[in-house]
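J.: Below is the structure I would like to discuss, written out as structure tokens.
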Amino acid sequence: MTNTVTKEPLNYLNHETGLWSWLTSTDHKRIGLLYMYSITVFFCVAAILGLLMRIEKMAPGQTIMTAQTYNGMFTIHGIIMIFIVVIPGLAAVFGNIFLPIMIGAKDVAFPKLNLFSWYLFMTGAMLGLYSQFANGHSPDTGWTFYVPYSAEASSNVVVALTAAFVLGFASILTGLNFIVTIHRMRAPGMTWFRMPLFPWSLYATAWIQLLATPIVGITLLMVIAERTLHIGFFDPSLGGDPVLYQHLFWIYSHPAVYVMILPAMGVVTEIFPTFSQKPVFGYVPIVFSSMAIALVGYFVWGHHMFTSGMSYESRWFFSFLTFLVAIPSAIKVFNWLSTMYGGSVDLKPPLLFAISFIFLFTIGGFTGLALGSLATNIQLHNTEFVVAHFHYIIFGGMGFAFFAAIHYWFPKIYGRMYSFKWANISWGFLFVGFNLLYFPLFIVGIQGMPRRYFDYDPKFQLGEALSTIGAFILIIGLIGMITNLIYHSRRGAIAPANPWHGVTLEWQIPSPPPHENFDEIPVITHEPYRFDHPHTN
Amino acid sequence: METLFNQGSNLAGAVDRAFIFIFAISFIFTIGITVLMIYILIHFSRKKNKNPQQFSHNTRLEVIWTVVPLIIVLVMFYYGWVGFAPMRQVPKDAMPITVIGKMWTWDFDYGNGKISKELVVPYNRNVKLNLVSVDVNHSLFIPAFRVKEDVIPGYNNYLWFKPIMKGTFDIYCSEYCGLAHSAMLAKAVVVDSLDFDKWLADLQVTGNLPDHPGLVVMQANTCLTCHTLDGTKVIGPTFKGLYGRKTTVVTESGEKEVEANDDYIIRSIEDPNSEVVKGYNRGLMQPYKDKISQEDLQKIVDYFKTNAAK
Amino acid sequence: MKNHDNHISSDSANWTVLLILLILTTLSILAIKIHVGAFTVALALLLASVKVTIVLTYFMHLKFENLLLRLMVGGVFLLFAIVIAITFIDYYFR
Amino acid sequence: MSTTEHSEHIDSDTGKLGMWLFLFTELFLFGGLFIVYAVMRSKYAADFHHAALELNAFIGATNTVVLLVSSMTVAMSLTAIQQKKAGKAMGLLLITLILAGVFMVNKYFEWGHKFEIHLYPGSDVMKSMPHGEIMFFGLYYMMTGLHAIHVIIGGILLTVVIFKINSGKINAEHYLLQENSALYWHLVDLIWIFLFPLLYLIT
Ligand code: HEA
Ligand code: HEA
Ligand code: CUA
Ligand SMILES: [Cu+2]
């Protein structure tokens, strides 16, 4: 960007240049981009591991790697994807970039803390990678670190645990920052119920991050203590209780899945009204369903432990609450559909990804119900059905929402436009590849194929092989999409400030936004989604 | 012939009813939502519909789509619960069998020192499995019977069923338990009551035969999960006829041929990665230096001598 | 949020609070000595909770904070209580 | 550093809210240990009782009083700074620090004694104990250890505050840091209020 002669107006991307100015910037937009770039790199690494696992499973028996390698691989794949990619994911990237803008603030409440979180995040992420390669022994416990195995396995489990701990801390600080920002920094006139729904979803998310993450923090510390100091909280030979570990782990990790999906829901809730030019249907129910998911989601962790020998009473209790937590999700789905209904629907790439989100999330969610029901969970627990469930809901849900978000806000972030044609083609590959990759796993899962299996019974081969083919199709779509975006972030046509005729605040400022977002802090006089008022642009 | 969706036990029917109900509802809603979306995309597309309507709420609709799903999920919960409840109520007359899970095999203990590698059960009789783990978490999973419970050290978990179909069924370990998790398999064989009694009577008493001290050491160190005694190759080379065997090993400086004598065997245990048997991967076997005493190492070697290469 | 008129608590008020806390501490030690049987745990926890509430309200000035923050603190404690209770359901019925 | 720094000054309500939220996470951090404690205690009630006799309730009680008093001095120093009495505020904080020191010294002797009689995780003495007692001491070390770390952090914060009062950076108008450090210190006290009966007063 040095030899451009044309004078671009100053914005957050060009008002200062050089790597150093990025690494020390406390501008929320730049920090958001830092997260985006680092997360993308980690995503590619973990995705390639996923592909390698699929190749290994092309046929029964050993094909390209040993059992040890495979076990290490799904562990690190899971750790990266969960702790580094999807938990920070939307909140840290788009939350950082757009939360302050959407509520009419110049930055988050604690900008320095925000930068510090990113450094913590990177430290944790690096530790995670290091654990994979140090001493030639990758941890092979699965991302769940179940004891006693994780307390005995002779590998770098402690490093991996520390990594997860540090990442958790980064996530807590981000959540804390967002809550304070939302409480204290809203523009004048922006009452709680005039706040757009993406910030609302971040608000619900942030509470989970704040109140659930410390539990996994202390749990991981306990496992570390168990390994290094021989305190046997979970070790049965010292009187400890392995199932108690599972409780503590899932007290965090179930709410964590809502940390992944809530911002995704928030994103699509922004996209549907814009591309239908119609107000969000049921603003208030959507707000309350977010909060309800956050609250009830806190009490259902036991559904991951239905076969662990938990007491009968707990089992039906957790199953019952699990079903209740599906209701707020249902409310959201129906409200989204009604938002589009009667609108002027424009099928641009962001909307394309957003409706694929609904489709994939619905499948993922319904299979979640099959898992939440006691009788069927007995058959499905720890089979590849679970693997398919969470890939549908995480990758199909949160992942596709991420894709939707980047296609939606890309012109705002870079001030340029990507190619719609390439976006649509990539979408085709992604969508077809995705379903081919994961749908067969539902079937083999019901038939009893367990997860984390390096080798398998030949009777499952058809499903497994189809799934591998799906992975190859998916990869084409991913590469296509990433190339399209990277290329056009520099070379794309200059985008107008408000290409989609959105009405939330971020669309009322230039693209890319100026360094301090607003010349003048806006004063809000009405609800967020009003398309009938003639607005600027 | 085992088909894919056998209902091998008395519990399977109710589980499958829950499956069918949940999947049917899911199917209807997923199709419905998809069709509606496509309809919206076509019917309200910007080309056709330039003037979006501006309605934004409807309380009656909100109530409907809160209450209807609520009722549906409650029914789902009910089906799941009804299918599950009997699983925890073991009939008094159930025949107890102790299942011992260890890295990475299953032992089925019929009492009186009778231990089998296969779970043989009588047709149409209630069976209770007591689940015991000697090391880490495992999980006993018999898909055809729709039963699964975790096998957790320090816990007395259990499950029960009544086999209602004769044949041989797969048993999997479905809780990750380390390297050979996917090889921790067994078979459940359902036979006539009479055949079962005969089989049990013929089952060798192995449980309380005194083992060779070397073998005991190896069992305690889970060597036999990677090495077999009967000549089959699992993760490491078999121990059958090890002593005195000529083996090609790969070292830092290249390949060489060695004869398995006392020294070599002890080296291979204490520091397996310096001389790796050709065709196997370095790093699979952990060094046991300082983990097994010299005394015990000698016992192992002594045991190998009892079935040396001919 | 209001709170511009920051409340200043007087030294004597602080002394009083300390005195009450010390009395409660003595009570909880005495309670152990007189063996109220199965209720000792409950009693000890009850006394501790009272002390914690006092610290929160006076030393930590919660009394003078806005309602929202007070609700948050209450909610967080409640949430934690529920989590412990739910975990306990499992162990109690086992 | 970027030249046009965003709003540098954090207003007091914002900062305080941030601190409270942070305290919530601290609460849940200890909360995990309390869950383990609750479950284990119900499982090994008798062993816990027996093991707790090993602890010196007198030291525990002393430390409780020490922390309660220190909590008050911190609260009073805040009053002092609000009333523009910087000297008094620093004096009170100094007393707090001394009390923190007393607490740590007590802790040192308590732990030191246990190490002398080989009562620490992984020791042979401990391995030979019944399961419940091992668990009790495991929890004891983990809980009091984590708490002690918090005491140290709190102490460091208060030291910084003293220096800042001295240099006039904290004064009757701007005392957010002191307020937040005080909140943190009260949390340390708060946790101890629960730890004391749970660890030292078991019957
Ligand atoms: C983003 C992450 C995410 C989300 C949002 C969810 C959402 C849900 N999950 Fe999932 N889950 C995971 C990620 C996620 N899950 C992961 C990672 C695991 C595996 C962990 C591991 O072991 O490694 C897992 C595992 C898992 C299990 C444990 C399986 C096992 O190991 O035995 C269970 C069991 O109950 C479950 C249930 C549910 C349910 C009921 C929901 C619900 O919230 C879904 C609600 C949504 C819908 C219901 C669909 C939309 C609604 C409609 C279209 C309206 C119509 C609805 C009705 C008529 C009801 N999940
Ligand atoms: C965000 C979450 C996420 C995502 C996106 C994915 C994506 C994928 N996962 Fe992942 N997976 C998990 C989270 C996720 N996974 C978790 C939590 C587990 C559980 C771990 C455990 O059991 O502990 C798991 C487990 C898991 C298993 C089960 C292992 C087992 O139980 O035996 C498998 C097996 O097939 C698998 C495969 C894949 C594949 C093929 C992809 C694909 O979708 C990936 C698609 C991508 C590609 C095919 C490559 C793309 C390549 C590029 C973009 C390269 C471009 C390069 C440059 C520009 C340099 N995953
Ligand atoms: Cu045993 Cu998996
Ligand atoms: Cu869950």
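In the structure tokens, chains take the letters A, B, ... in the order shown, each chain's residues start at 1, and ligands count up from 1 in the order shown.
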Using only C-alpha atoms and all ligand atoms, what are the residues with an atom within 10 Å of ligand 4, set out as a list in words?

T.: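 Counting only what the definition allows, namely only C-alpha atoms and all ligand atoms, the set is Trp250, Ile251, Tyr252, Ser253, His254, Pro255, Ala256, Val257, Tyr258, Gly297, Tyr298, Phe299, Val300, Trp301, Gly302, His303, His304, Met305, Thr322, Gly368, Leu371, Gly372 and Phe390 of chain A.
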
J.: Go ahead and dump the residues you just picked, C-alpha atoms, as a PDB file, in the first residue's frame.

T.:
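File out_34.pdb, as written:
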```pdb
ATOM      1  CA  TRP A 250     -19.344 -30.329  30.805  1.00  0.00           C
ATOM      2  CA  ILE A 251     -20.541 -27.652  33.215  1.00  0.00           C
ATOM      3  CA  TYR A 252     -18.351 -25.505  31.057  1.00  0.00           C
ATOM      4  CA  SER A 253     -18.341 -27.266  27.755  1.00  0.00           C
ATOM      5  CA  HIS A 254     -22.018 -27.530  27.242  1.00  0.00           C
ATOM      6  CA  PRO A 255     -22.601 -23.798  27.751  1.00  0.00           C
ATOM      7  CA  ALA A 256     -19.595 -23.356  25.492  1.00  0.00           C
ATOM      8  CA  VAL A 257     -21.523 -24.793  22.573  1.00  0.00           C
ATOM      9  CA  TYR A 258     -23.931 -21.933  22.988  1.00  0.00           C
ATOM     10  CA  GLY A 297     -28.111 -23.954  28.556  1.00  0.00           C
ATOM     11  CA  TYR A 298     -26.229 -23.695  31.784  1.00  0.00           C
ATOM     12  CA  PHE A 299     -28.171 -26.527  33.368  1.00  0.00           C
ATOM     13  CA  VAL A 300     -28.152 -29.291  30.796  1.00  0.00           C
ATOM     14  CA  TRP A 301     -24.534 -30.403  30.806  1.00  0.00           C
ATOM     15  CA  GLY A 302     -25.405 -33.885  32.004  1.00  0.00           C
ATOM     16  CA  HIS A 303     -26.682 -34.931  28.578  1.00  0.00           C
ATOM     17  CA  HIS A 304     -23.106 -35.713  27.634  1.00  0.00           C
ATOM     18  CA  MET A 305     -22.938 -38.249  30.444  1.00  0.00           C
ATOM     19  CA  THR A 322     -32.194 -30.590  27.211  1.00  0.00           C
ATOM     20  CA  GLY A 368     -29.355 -33.056  18.958  1.00  0.00           C
ATOM     21  CA  LEU A 371     -29.167 -37.407  21.348  1.00  0.00           C
ATOM     22  CA  GLY A 372     -31.011 -35.710  24.151  1.00  0.00           C
ATOM     23  CA  PHE A 390     -21.810 -31.474  16.050  1.00  0.00           C
TER      24      PHE A 390
END
```

J.: Do you know which residues are within 6 Å of ligand 3 using only C-alpha atoms and all ligand atoms? Can you write them as a short mmCIF file (atom, residue, chain, number, x, y, z; two decimals) with C-alpha atoms, in the first residue's frame?

T.:
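selection-v3.cif, written as the output of this step:
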```
data_model
loop_
_atom_site.label_atom_id
_atom_site.label_comp_id
_atom_site.auth_asym_id
_atom_site.auth_seq_id
_atom_site.Cartn_x
_atom_site.Cartn_y
_atom_site.Cartn_z
CA MET B 103 -6.66 -51.68 27.70
CA TRP B 104 -7.66 -53.09 25.18
CA HIS B 138 -14.20 -47.86 28.60
CA CYS B 173 -15.66 -50.18 23.20
CA SER B 174 -17.21 -46.76 22.78
CA GLU B 175 -15.28 -44.66 25.24
CA TYR B 176 -11.90 -43.52 24.05
CA CYS B 177 -9.26 -45.46 25.95
CA HIS B 181 -9.45 -48.17 21.40
CA MET B 184 -11.14 -53.29 21.72
#
```

J.: Excluding range 119-124 of chain D and residues on its chain fewer than 4 positions from it, collect all residues at most 10 Å away from it, counting only C-alpha atoms, and give them as a ChimeraX atom specification.

T.: /A:225-226,228-232 /D:111-115,128-129,134-135,137-138,141

J.: Please determine, counting only C-alpha atoms, which residue among D:His118, D:Lys127, D:His50, D:Lys88 has the shortest atom-to-atom distance to chain A.

T.: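 Residue with the minimum atom-to-atom distance to chain A: D:Lys127.
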
J.: Step by step, measure atom-to-atom distances between ligand 1 and each residue using only C-alpha atoms and all ligand atoms, keep those at most 6 Å, then write them as JSON, numbers by chain.

T.: {"A": [257, 258, 260, 261, 303, 304, 322, 323, 325, 326, 329, 330, 333, 362, 365, 366, 368, 369, 371, 372, 377, 381, 382, 386, 390, 393, 394], "B": [69, 72, 73]}

J.: Write out, as a JSON list (two decimals), in the first residue's frame, the residues just selected, with C-alpha atoms.

T.:
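To be explicit, this is the file written out as selection-v4.json:
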```
[["chain", "number", "residue", "atom", "x", "y", "z"],
["A", 257, "VAL", "CA", -21.52, -24.79, 22.57],
["A", 258, "TYR", "CA", -23.93, -21.93, 22.99],
["A", 260, "MET", "CA", -20.43, -20.88, 19.50],
["A", 261, "ILE", "CA", -23.96, -20.75, 18.22],
["A", 303, "HIS", "CA", -26.68, -34.93, 28.58],
["A", 304, "HIS", "CA", -23.11, -35.71, 27.63],
["A", 322, "THR", "CA", -32.19, -30.59, 27.21],
["A", 323, "PHE", "CA", -35.52, -30.71, 25.48],
["A", 325, "VAL", "CA", -33.48, -25.69, 25.65],
["A", 326, "ALA", "CA", -34.55, -26.59, 22.13],
["A", 329, "SER", "CA", -33.91, -22.26, 19.13],
["A", 330, "ALA", "CA", -37.20, -23.19, 17.57],
["A", 333, "VAL", "CA", -35.94, -20.36, 13.42],
["A", 362, "THR", "CA", -32.10, -27.50, 11.77],
["A", 365, "GLY", "CA", -30.51, -29.35, 16.09],
["A", 366, "PHE", "CA", -32.95, -32.16, 15.46],
["A", 368, "GLY", "CA", -29.35, -33.06, 18.96],
["A", 369, "LEU", "CA", -32.85, -33.95, 20.11],
["A", 371, "LEU", "CA", -29.17, -37.41, 21.35],
["A", 372, "GLY", "CA", -31.01, -35.71, 24.15],
["A", 377, "ASN", "CA", -28.88, -41.58, 23.43],
["A", 381, "HIS", "CA", -23.68, -41.84, 22.48],
["A", 382, "ASN", "CA", -20.08, -41.75, 21.33],
["A", 386, "VAL", "CA", -22.53, -37.49, 17.54],
["A", 390, "PHE", "CA", -21.81, -31.47, 16.05],
["A", 393, "ILE", "CA", -24.34, -27.71, 14.09],
["A", 394, "ILE", "CA", -20.87, -26.25, 14.51],
["B", 69, "PRO", "CA", -42.72, -27.38, 19.74],
["B", 72, "ILE", "CA", -43.66, -32.04, 20.69],
["B", 73, "VAL", "CA", -40.46, -32.12, 22.70]]
```

J.: Name each residue within 6 Å of ligand 2, counting only C-alpha atoms and all ligand atoms, as a tab-separated table (two decimals) with C-alpha atoms, in the first residue's frame.

T.:
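Result file pocket02.tsv:
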```tsv
chain	number	residue	atom	x	y	z
A	44	CYS	CA	-6.82	-24.23	7.78
A	47	ALA	CA	-9.16	-28.54	8.56
A	48	ILE	CA	-6.25	-30.21	6.84
A	50	GLY	CA	-9.66	-33.28	9.36
A	51	LEU	CA	-9.05	-34.11	5.75
A	53	MET	CA	-8.39	-38.22	9.13
A	54	ARG	CA	-10.96	-38.68	6.42
A	74	PHE	CA	-8.46	-35.90	16.24
A	75	THR	CA	-7.35	-34.55	19.59
A	78	GLY	CA	-10.81	-30.92	18.20
A	81	MET	CA	-11.45	-26.20	16.22
A	82	ILE	CA	-13.22	-25.81	19.55
A	86	VAL	CA	-15.24	-21.57	17.06
A	142	GLY	CA	-9.58	-36.26	22.68
A	143	TRP	CA	-10.51	-32.65	23.24
A	144	THR	CA	-12.47	-33.72	26.30
A	387	VAL	CA	-19.68	-36.51	15.26
A	391	HIS	CA	-20.23	-30.96	12.67
A	394	ILE	CA	-20.87	-26.25	14.51
A	395	PHE	CA	-19.54	-26.25	10.99
A	451	ARG	CA	-16.33	-42.37	17.19
A	452	ARG	CA	-12.57	-41.95	17.68
A	453	TYR	CA	-12.11	-45.23	15.83
A	471	ALA	CA	-14.40	-33.83	2.27
A	472	PHE	CA	-12.66	-33.46	-1.07
A	474	LEU	CA	-15.81	-29.39	0.47
A	475	ILE	CA	-12.17	-28.47	0.22
A	478	LEU	CA	-13.32	-23.65	0.82
A	479	ILE	CA	-10.31	-22.86	-1.29
```

J.: Using the chain letters and numbers from this document, which residues of range 320-479 of chain A does DSSP assign to strand (DSSP E or B), as a list in words?

T.: Val345, Thr383, Arg416, Met417 and Pro450 of chain A

J.: Just the selected residues (C-alpha atoms), exported as a PDB file, in the first residue's frame, please.

T.:
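Ended up saving to part-v3.pdb:
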```
ATOM      1  CA  VAL A 345     -35.892 -11.103  -0.868  1.00  0.00           C
ATOM      2  CA  THR A 383     -20.908 -42.960  17.880  1.00  0.00           C
ATOM      3  CA  ARG A 416     -14.246  -3.406  -1.618  1.00  0.00           C
ATOM      4  CA  MET A 417     -16.532  -5.992  -3.129  1.00  0.00           C
ATOM      5  CA  PRO A 450     -18.217 -45.625  17.452  1.00  0.00           C
TER       6      PRO A 450
END
```

J.: Can you list, as a PyMOL selection string, every protein, DNA or RNA residue that comes within 10 Å of range 41-43 of chain D when you count only C-alpha atoms, leaving out same-chain residues fewer than 2 positions away?

T.: (chain A and resi 239) or (chain C and resi 88+91-92) or (chain D and resi 35-39+45-49+132+135-136+198)

J.: Within 10 Å of range 40-42 of chain B, counting only C-alpha atoms, which residues qualify if same-chain residues fewer than 5 places away don't, as a count of residues only?

T.: 17

J.: Could you list, as number ranges by chain, every residue of chain D that has an atom within 9 Å of an atom of chain C, counting only C-alpha atoms?

T.: D: 13, 17, 20, 24, 27-28, 31, 34-35, 38-39, 42-43, 61, 64-65, 68-69, 71-76, 78-80, 82-83, 182-183, 186-187, 189-191, 193-194, 196-198, 201-203

J.: Identify, with DSSP run on backbone atoms, the residues in chain C assigned to helix (DSSP H, G or I), and express the list as a ChimeraX atom specification.

T.: /C:11-33,39-59,62-64,67-92

J.: Quick one: which residues from chain B are at most 6 Å off chain A, using only C-alpha atoms, as a list in words?

T.: Val15, Ser26, Phe44, Ser45, Arg46, Asn49, Lys50, Pro52, Gln53, Gln54, Ser56, His57, Val73, Phe77, Gly80, Trp81, Gly83, Phe84, Val136, Pro143, Arg146, Lys148, Glu149, Asp150, Gly154, Asn157, Ser174, Leu179 and Ser182 of chain B

J.: Taking N, CA, C and O atoms for each residue, export the selection above as a compact mmCIF listing (two decimals), in the first residue's frame.

T.:
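Saved as result22.txt:
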```txt
# COMPACT_ATOMS: atom_id res chain seq x y z
N VAL B 15 -36.68 -48.51 22.30
CA VAL B 15 -35.70 -47.54 21.82
C VAL B 15 -36.03 -47.16 20.39
O VAL B 15 -36.03 -45.98 20.02
N SER B 26 -38.64 -34.84 13.01
CA SER B 26 -37.52 -34.08 12.45
C SER B 26 -37.66 -33.98 10.94
O SER B 26 -37.46 -32.92 10.35
N PHE B 44 -41.23 -14.31 -3.03
CA PHE B 44 -40.99 -12.94 -2.58
C PHE B 44 -39.67 -12.39 -3.11
O PHE B 44 -39.11 -11.47 -2.53
N SER B 45 -39.15 -12.97 -4.17
CA SER B 45 -37.85 -12.51 -4.64
C SER B 45 -37.95 -11.05 -5.06
O SER B 45 -39.00 -10.56 -5.45
N ARG B 46 -36.83 -10.39 -4.97
CA ARG B 46 -36.85 -8.95 -5.20
C ARG B 46 -37.37 -8.61 -6.58
O ARG B 46 -38.02 -7.58 -6.78
N ASN B 49 -41.13 -8.87 -6.09
CA ASN B 49 -41.74 -8.15 -4.98
C ASN B 49 -40.90 -6.94 -4.61
O ASN B 49 -39.97 -7.03 -3.85
N LYS B 50 -41.24 -5.82 -5.19
CA LYS B 50 -40.42 -4.63 -4.96
C LYS B 50 -40.78 -3.93 -3.65
O LYS B 50 -40.02 -3.16 -3.12
N PRO B 52 -41.55 -4.51 -0.02
CA PRO B 52 -41.64 -5.40 1.14
C PRO B 52 -42.71 -4.93 2.11
O PRO B 52 -42.86 -3.73 2.35
N GLN B 53 -43.46 -5.88 2.65
CA GLN B 53 -44.39 -5.50 3.71
C GLN B 53 -43.59 -5.18 4.96
O GLN B 53 -42.45 -5.58 5.08
N GLN B 54 -44.21 -4.45 5.88
CA GLN B 54 -43.42 -4.00 7.02
C GLN B 54 -43.92 -4.53 8.37
O GLN B 54 -43.59 -3.97 9.40
N SER B 56 -44.05 -6.67 11.77
CA SER B 56 -42.89 -7.11 12.53
C SER B 56 -43.22 -7.92 13.77
O SER B 56 -42.35 -8.31 14.50
N HIS B 57 -44.48 -8.13 14.06
CA HIS B 57 -44.76 -9.10 15.12
C HIS B 57 -46.18 -9.57 15.06
O HIS B 57 -47.04 -8.97 14.41
N VAL B 73 -41.66 -31.62 22.01
CA VAL B 73 -40.46 -32.12 22.70
C VAL B 73 -40.84 -32.86 23.98
O VAL B 73 -40.13 -33.79 24.38
N PHE B 77 -39.50 -36.41 24.91
CA PHE B 77 -38.92 -36.75 26.19
C PHE B 77 -39.59 -37.99 26.76
O PHE B 77 -38.95 -38.92 27.24
N GLY B 80 -38.48 -41.15 25.06
CA GLY B 80 -37.12 -41.49 25.44
C GLY B 80 -37.07 -42.06 26.84
O GLY B 80 -36.37 -43.03 27.12
N TRP B 81 -37.87 -41.48 27.70
CA TRP B 81 -37.86 -41.90 29.08
C TRP B 81 -38.44 -43.31 29.23
O TRP B 81 -37.89 -44.17 29.91
N GLY B 83 -38.55 -45.59 27.01
CA GLY B 83 -37.64 -46.58 26.44
C GLY B 83 -36.45 -46.84 27.36
O GLY B 83 -35.86 -47.91 27.34
N PHE B 84 -36.13 -45.84 28.13
CA PHE B 84 -34.92 -45.94 28.94
C PHE B 84 -35.17 -46.54 30.31
O PHE B 84 -34.36 -47.33 30.81
N VAL B 136 -8.55 -47.50 32.67
CA VAL B 136 -9.18 -46.21 32.36
C VAL B 136 -10.65 -46.43 31.98
O VAL B 136 -11.15 -47.54 32.10
N PRO B 143 -24.54 -52.73 19.81
CA PRO B 143 -25.56 -52.00 19.04
C PRO B 143 -26.83 -52.81 18.83
O PRO B 143 -27.93 -52.26 18.97
N ARG B 146 -29.08 -52.49 21.68
CA ARG B 146 -29.35 -51.11 22.12
C ARG B 146 -28.92 -50.89 23.57
O ARG B 146 -29.63 -50.25 24.33
N LYS B 148 -25.64 -49.73 26.15
CA LYS B 148 -24.32 -49.15 26.27
C LYS B 148 -24.19 -48.55 27.66
O LYS B 148 -25.10 -47.84 28.11
N GLU B 149 -23.14 -48.88 28.35
CA GLU B 149 -22.86 -48.20 29.61
C GLU B 149 -21.36 -48.07 29.74
O GLU B 149 -20.60 -48.92 29.28
N ASP B 150 -20.93 -47.00 30.39
CA ASP B 150 -19.50 -46.80 30.55
C ASP B 150 -18.94 -47.73 31.62
O ASP B 150 -19.62 -48.07 32.59
N GLY B 154 -13.46 -47.80 39.62
CA GLY B 154 -13.97 -47.32 40.89
C GLY B 154 -15.48 -47.19 40.93
O GLY B 154 -16.04 -46.78 41.93
N ASN B 157 -20.82 -49.81 37.63
CA ASN B 157 -21.90 -49.58 36.67
C ASN B 157 -22.42 -50.94 36.20
O ASN B 157 -21.76 -51.96 36.37
N SER B 174 -16.84 -48.06 23.34
CA SER B 174 -17.21 -46.76 22.78
C SER B 174 -16.81 -45.61 23.68
O SER B 174 -17.39 -44.55 23.61
N LEU B 179 -4.51 -45.96 22.66
CA LEU B 179 -4.01 -46.40 21.37
C LEU B 179 -4.94 -47.36 20.62
O LEU B 179 -5.33 -47.09 19.49
N SER B 182 -9.92 -48.62 19.08
CA SER B 182 -10.75 -49.16 18.00
C SER B 182 -10.56 -50.67 17.82
O SER B 182 -11.27 -51.28 17.04
```

J.: Please provide the set of residues having any atom within 12 Å of Lys102 in chain B, restricted to only C-alpha atoms, with same-chain residues fewer than 4 positions apart removed, written as a PyMOL selection string.

T.: (chain A and resi 149) or (chain B and resi 106-108+131-140+151-153+173+175-178+180-181+183-185+219-225)
